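Step one of this worksheet: look at the structure below.
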Amino acid sequence: MNYPLISEYVEAIKAAEDNFKELTNLRPVLGDDWITSGNYAVVFKMEDVETGKFYALKCFTKEQEGRAEAYHQIANALKDVDSPYLVSLRYLDKELFVDTEQKTETEFPVLLMDWVEGKTLDKYLRENLDDKYALEMLAYRFSQLAQWLIPQPFAHGDLKPDNILVRGDGTLVLVDYDGMYVPDMKGQKARELGSPDFRHPLRTEVDFDEHIDDFPITLILLSLKAISFNPDYLDEYGAVDRLLISSKELHDLKECNFLKDVIPSGNSIIDRYAFLFCTVYYEKSLSSQLYNYIPTSKPLPLIPYTIGKHKYSLYDTENQVILPLQFKYIELIDPTFTISSSCIISNEYWGHTNAAIISRSNDLNNIQWYKQVLGIGKLKTRFIAQDTTNRYGIINDMNIVLLDFDFQEIKTIEVEDEVYLICKKGNYYGVLNKDLKVIVPYVLTDLHEYSYLKLIVYKKEQYSTYAMDMNTLRECRIPSNYNRIDDYKDGIITFELSDNQYRFYSLDNNSYINSYTYQKTSKYAKLVINESFVLCKRNGASILLSIDGTEYPIDFEGALSQYGETVIGVSPIEIKYIGQYGFEETRYNYKVYVFKKNILSTQFVYKDGYGCHETFELINDNTIWVWHYGKWSRTGGCVNLNGEHVPWPNSNNGLSENSVPNENMHLINIVKEKYLNSTYISNYDKLEIDQCCFFEIKDLGGIAFVSYHWENGSCDYEDHLEENIRLGYADENMCYWSIDCMNNQI
C-alpha cells in the first residue's frame, strides 16, 4: 500500500475540520515543533477546540505488515492500565481524507495519542551534565520506571532514550508503541527489532515476548547511574545517538571500553547494575529474583540539621559537611522521600513566610526568596509563591517556575481530590485546574469563593452574576439581589435576601424552585438542606420543603431525620398531670410524620416517652431509633414506621435488608449527633463545658462507651472533675445512660 507524502499530509491537516471522519474537533497547533517525522510516520501536534486538550496525531508514510491489527491489540491491552509512564492511544482506520497522487485511495488510518510536553531523555541528559543532582534524579526515576515495567505482561519493544520523554517536572513517559508486545500477540513475530545500540545482539524477530525490554532497561540503568557518578563518562565512552556502549561492542563485551575501564567502579549501585546487565546479556532476560536487585534509593542531597532552638542548618550528603548557614525553620516537603526530597527554608519561626525552596546544594549559592510559599493540594509538590513585588506565581518542589508571577492573587479550592486555582490578573479572575490548565478564562470580576460549599460566585457580561459548581464545573446565571449564600446542596443554593428571609435557587434549572420566601424555624436555628428536604417556615406555618419546590405543611419544628427516600419529623405533644407528691408535672407524647418519596405516607403518636423530651433517628428505611431521656437515666429502642416496638434490624429477623453494617459505629454517631451535638456543646469527641465537664466516646469493639464528667455544683475544681461521673454504653440491642457507677468499675 502506498501512503501520501508528508507534504500531502500537511495540506490535509491544515484543513482538519473538513478532512477528519470522527476527529472533527481537532485543529493543528501551528508552530516550529508542530511536525516531527520518522522512518514510518509523521506526527502532528493537534488541539481539541472543545476541551483544549493537546494530542499527537501519527500519520503513516510507509507500509508495515500487521500494523492495524497490532495497534488495535495494543489499545485494547492498555485501556485499563493506569500509569503515568504510558499515554492513551486510539487507532482509527480510514479516518483522514488526503488528496494524494500516490494512490487512488483517499482515506488513511491515523493513530491518536495524548500529547506529552517534554524533552527526550537523551536531550535532557546532555543539557544537565553539569547538574549532578539532576543526573542522579534521572537515574532514580528510570529505576522506578524499570521496576514498574519489567513485571508487566507487555513490553515496549524499542526502548531507547529517544522514546523516553522527560516532562517539565522530571517524570518520565514512554512514547512510540510501534514495536510493542502485548499478550494477544503471543506466538507472533516482531514487527521491528529496535535500535541496534539498545537491543540484545542476538535478538531476532522470533524473540517477541514480555522480556524484550529487559536488556535495554539494564543497559540504560547502568549508563545513567554511571554518568550521574561521573558525567565525563558520556564524552569519553558515549556518542551522539547512544549512551556508553555501542552496538559493535555489544557483539563482543570483551572489547567494551567502558566495562574494561570502569567496572568494578567502587560504587556499589553501579557495580550491581553492571552485574544485572551482564546477566541479561548472557541469559537474555531477568529472573524475578534478579529483578528485585534493582535499587531505587532516591538521592537526598540535603538533610535538615538542628543546631539549636529555632536554629537549623542543612547537612550536605554529597560532601558530608554541615553547611555554614542558619535558618529559623526548615521543613522537608515530603518526609517519606517518595514524592520529593526538597526542603522549605524560612527566616520566620514555624511558617513559610520569607521562605525559599532548596532542592540541591547549588540552590544555596543563589537562594530565591519569596514573601510566602503555600502548598497546593495533598502532595505539596506545587506551591503558590509571592515574590518581593507582591505578585503571585506557581513553582514546583524543584524551584522551577510553572506559572509566571503575573497575578495579584492566587488561592485554592479543594474539591475532594481535585484542586482548583482562583487567579486574579489585573481586574479579572480566572480558574485553573491542578495541571495549571485554564478552564475559565480571565473574564470574571467581583469573585467570591465559598470553599465549604465548593462554589464560586462572580460577575461577567455587564456585571451579571454567575455561580459555578466546582464539583461539576457547571456554570449558571443567578439573581444578584441577595445578601449572602446560606447553604448549598444537591444543586440548590439558599439565598438570604434579608434578615431571616430565604429563597431557594436551582443550579440545574437556572431558576428559583418556586415563588415563595421562607424563614428559619427559629431565630437561632440553622437553615439546613437535609438530603432532598428543608424544614423551614412560611407565613408562620412549618413547612417541609422538597428541593423540587413542593411544600408539605407539617406540625413540628424539630430537626429532620432522613434515610434514603424516607424522612421523619416529630412534634412534641405536651401532657400535664399531677405527680405523686401533688405537684403538676409535664410529660410528652410525640406525633411522628413519615414521608416516602416526598409524600406523607403515615403518621402516628408515640406514647412511651417519659422524660422531658425524646429524639428520633432513622437507622434504615423502615426503622427508627428512639432515645428516651429520663430524670436519672437514658435508654434507647427501635420502632417501625407505624410506631410499633421492634428489635434491632438484622438479616436474621427479616426487618430490613439494609441493616446498618457497623451497628456499634452507628450508635456512636447517634450519640454524637443526637446527644452531644446540642446548643451547649460544640466539639464532638472531647469537649469542655463550664471549664471542667467533658464528654468522651470510645469504641471498645463490642460496645460504644461514653463518659461524661459533669457539674455537681461545687466550687472546688477537683470536686468538679472527680465526682458524679456518668457512664454509658451502647451495643446492638440497647443504649443505657446511668449515674450509679464510677469510672474505675468498668
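We name chains A, B, ... following the order of the C-alpha cells; residues begin at 1 in each chain, and ligands are numbered from 1 as shown.
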Please report, as a ChimeraX atom specification, each residue of region 48-122 of chain A to which DSSP assigns strand (DSSP E or B) when run on this structure's backbone. /A:48,54-60,89-97,107-114,118-120
I need the chosen residues saved as a compact mmCIF listing (two decimals), in the first residue's frame, with N, CA and C atoms.
```
# COMPACT_ATOMS: atom_id res chain seq x y z
N ASP A 48 -7.79 19.80 20.69
CA ASP A 48 -9.25 19.66 20.66
C ASP A 48 -9.83 21.03 21.02
N PHE A 54 -4.38 18.68 24.23
CA PHE A 54 -3.47 18.51 23.11
C PHE A 54 -3.25 17.02 22.83
N TYR A 55 -3.07 16.70 21.56
CA TYR A 55 -2.86 15.33 21.13
C TYR A 55 -1.71 15.26 20.12
N ALA A 56 -1.14 14.06 20.02
CA ALA A 56 -0.19 13.75 18.95
C ALA A 56 -0.90 12.87 17.93
N LEU A 57 -0.93 13.31 16.70
CA LEU A 57 -1.61 12.57 15.64
C LEU A 57 -0.55 11.98 14.71
N LYS A 58 -0.50 10.67 14.64
CA LYS A 58 0.50 9.98 13.85
C LYS A 58 -0.11 9.53 12.53
N CYS A 59 0.52 9.96 11.43
CA CYS A 59 0.09 9.57 10.09
C CYS A 59 1.22 8.77 9.45
N PHE A 60 0.88 7.69 8.78
CA PHE A 60 1.90 6.74 8.32
C PHE A 60 2.34 7.04 6.89
N LEU A 89 -4.05 5.79 23.65
CA LEU A 89 -3.97 5.81 22.19
C LEU A 89 -5.21 5.19 21.57
N ARG A 90 -5.52 5.64 20.37
CA ARG A 90 -6.62 5.11 19.56
C ARG A 90 -6.14 4.97 18.13
N TYR A 91 -6.42 3.81 17.53
CA TYR A 91 -6.10 3.61 16.12
C TYR A 91 -7.40 3.70 15.34
N LEU A 92 -7.47 4.60 14.39
CA LEU A 92 -8.70 4.82 13.63
C LEU A 92 -8.44 4.53 12.15
N ASP A 93 -9.14 3.53 11.62
CA ASP A 93 -9.00 3.18 10.20
C ASP A 93 -9.74 4.19 9.33
N LYS A 94 -9.18 4.49 8.18
CA LYS A 94 -9.83 5.36 7.18
C LYS A 94 -10.39 6.63 7.82
N GLU A 95 -9.58 7.26 8.66
CA GLU A 95 -10.02 8.43 9.41
C GLU A 95 -9.75 9.74 8.69
N LEU A 96 -8.63 9.84 7.96
CA LEU A 96 -8.20 11.11 7.38
C LEU A 96 -8.29 11.07 5.86
N PHE A 97 -9.00 12.05 5.30
CA PHE A 97 -9.05 12.20 3.85
C PHE A 97 -7.84 12.99 3.38
N GLU A 107 -8.57 7.74 1.79
CA GLU A 107 -8.82 7.68 3.23
C GLU A 107 -7.76 6.81 3.88
N PHE A 108 -7.12 7.37 4.94
CA PHE A 108 -5.96 6.70 5.53
C PHE A 108 -6.10 6.63 7.06
N PRO A 109 -5.45 5.62 7.65
CA PRO A 109 -5.53 5.46 9.11
C PRO A 109 -4.66 6.49 9.83
N VAL A 110 -5.01 6.74 11.11
CA VAL A 110 -4.21 7.61 11.98
C VAL A 110 -4.14 6.96 13.36
N LEU A 111 -3.14 7.36 14.11
CA LEU A 111 -3.00 6.94 15.50
C LEU A 111 -3.06 8.20 16.36
N LEU A 112 -4.03 8.25 17.29
CA LEU A 112 -4.22 9.41 18.15
C LEU A 112 -3.70 9.08 19.54
N MET A 113 -2.79 9.92 20.05
CA MET A 113 -2.20 9.73 21.38
C MET A 113 -2.24 11.04 22.15
N ASP A 114 -2.19 10.95 23.48
CA ASP A 114 -2.05 12.15 24.30
C ASP A 114 -0.73 12.83 23.98
N GLY A 118 7.62 17.67 26.71
CA GLY A 118 8.86 17.28 27.39
C GLY A 118 10.01 17.16 26.41
N LYS A 119 11.14 16.73 26.95
CA LYS A 119 12.35 16.53 26.15
C LYS A 119 12.69 15.05 26.14
N THR A 120 13.35 14.60 25.06
CA THR A 120 13.80 13.22 25.05
C THR A 120 14.83 13.03 26.15
```
Neighbours of region 124-128 of chain A within 12 Å (only C-alpha atoms; same-chain residues fewer than 2 positions away dropped), as a PyMOL selection string? chain A and resi 118-122+130-139+161-162+164-168+170-172+220+223-225+227-228+231-235+238-243
Any idea what's packed within 12 Å of Ser498 (chain A), counting only C-alpha atoms, ignoring anything in its chain fewer than 6 positions away? Could you give it as a ChimeraX atom specification? /A:481-486,517-519
Distance CA of Glu585 (chain A)-CA of Phe616 (chain A), one decimal place? 23.0 Å
For Ser546 (chain A), list every protein, DNA or RNA residue within 9 Å, evaluated using only C-alpha atoms, and leave out those in the same chain fewer than 5 positions away; present the list as a PyMOL selection string. chain A and resi 532-534+551-552+598
Which residues are near Leu507 (chain A)? Cut-off 7 Å, only C-alpha atoms, ignore same chain within fewer than 3 positions. Put them as a ChimeraX atom specification. /A:476,491-492,510
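In this comparison, which uses only C-alpha atoms, the residue of A:Val49, A:Ile543, A:Val262, A:Val570 approaching Leu26 (chain A) most closely is A:Val49.
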Which residue of A:Ile575, A:Ile568, A:Leu302, A:Val443 approaches Asp316 (chain A) most closely, using only C-alpha atoms: A:Leu302
Taking the backbone alone, and naming residues the way the document does, which bits of region 195-319 of chain A are helix (DSSP H, G or I) by DSSP, as a PyMOL selection string? chain A and resi 214-229+232-237+247-250+253-255+257-262+268-283+288-291
Atom pair CA of Ile270 (chain A) / CA of Leu221 (chain A): separation (Å): 8.8 Å
Please provide the set of residues having any atom within 12 Å of Arg391 (chain A), restricted to only C-alpha atoms, with same-chain residues fewer than 4 positions apart removed, written as an MDAnalysis selection string. chainID A and resid 370:372 384:387 403:410 423:426
Which neighbours of Glu205 (chain A) fall inside 8 Å, counting only C-alpha atoms, when residues of the same chain fewer than 6 positions from it are skipped, and could you give them as a PyMOL selection string? chain A and resi 189-193
Selection export as a PDB file, in the first residue's frame, atoms kept: C-alpha atoms:
```pdb
ATOM      1  CA  LYS A 189       6.914 -12.354  15.076  1.00  0.00           C
ATOM      2  CA  ALA A 190       8.212  -8.908  15.967  1.00  0.00           C
ATOM      3  CA  ARG A 191       7.253  -6.145  13.557  1.00  0.00           C
ATOM      4  CA  GLU A 192      10.543  -4.344  14.299  1.00  0.00           C
ATOM      5  CA  LEU A 193      13.642  -5.113  16.370  1.00  0.00           C
TER       6      LEU A 193
END
```
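One finds CA of Asn267 (chain A) at 25.6 Å from CA of Lys123 (chain A).
Each of A:Lys53, A:His211, A:Arg538, A:Lys607 was checked against Tyr590 (chain A) using only C-alpha atoms; the smallest atom-to-atom distance is that of A:Lys607.
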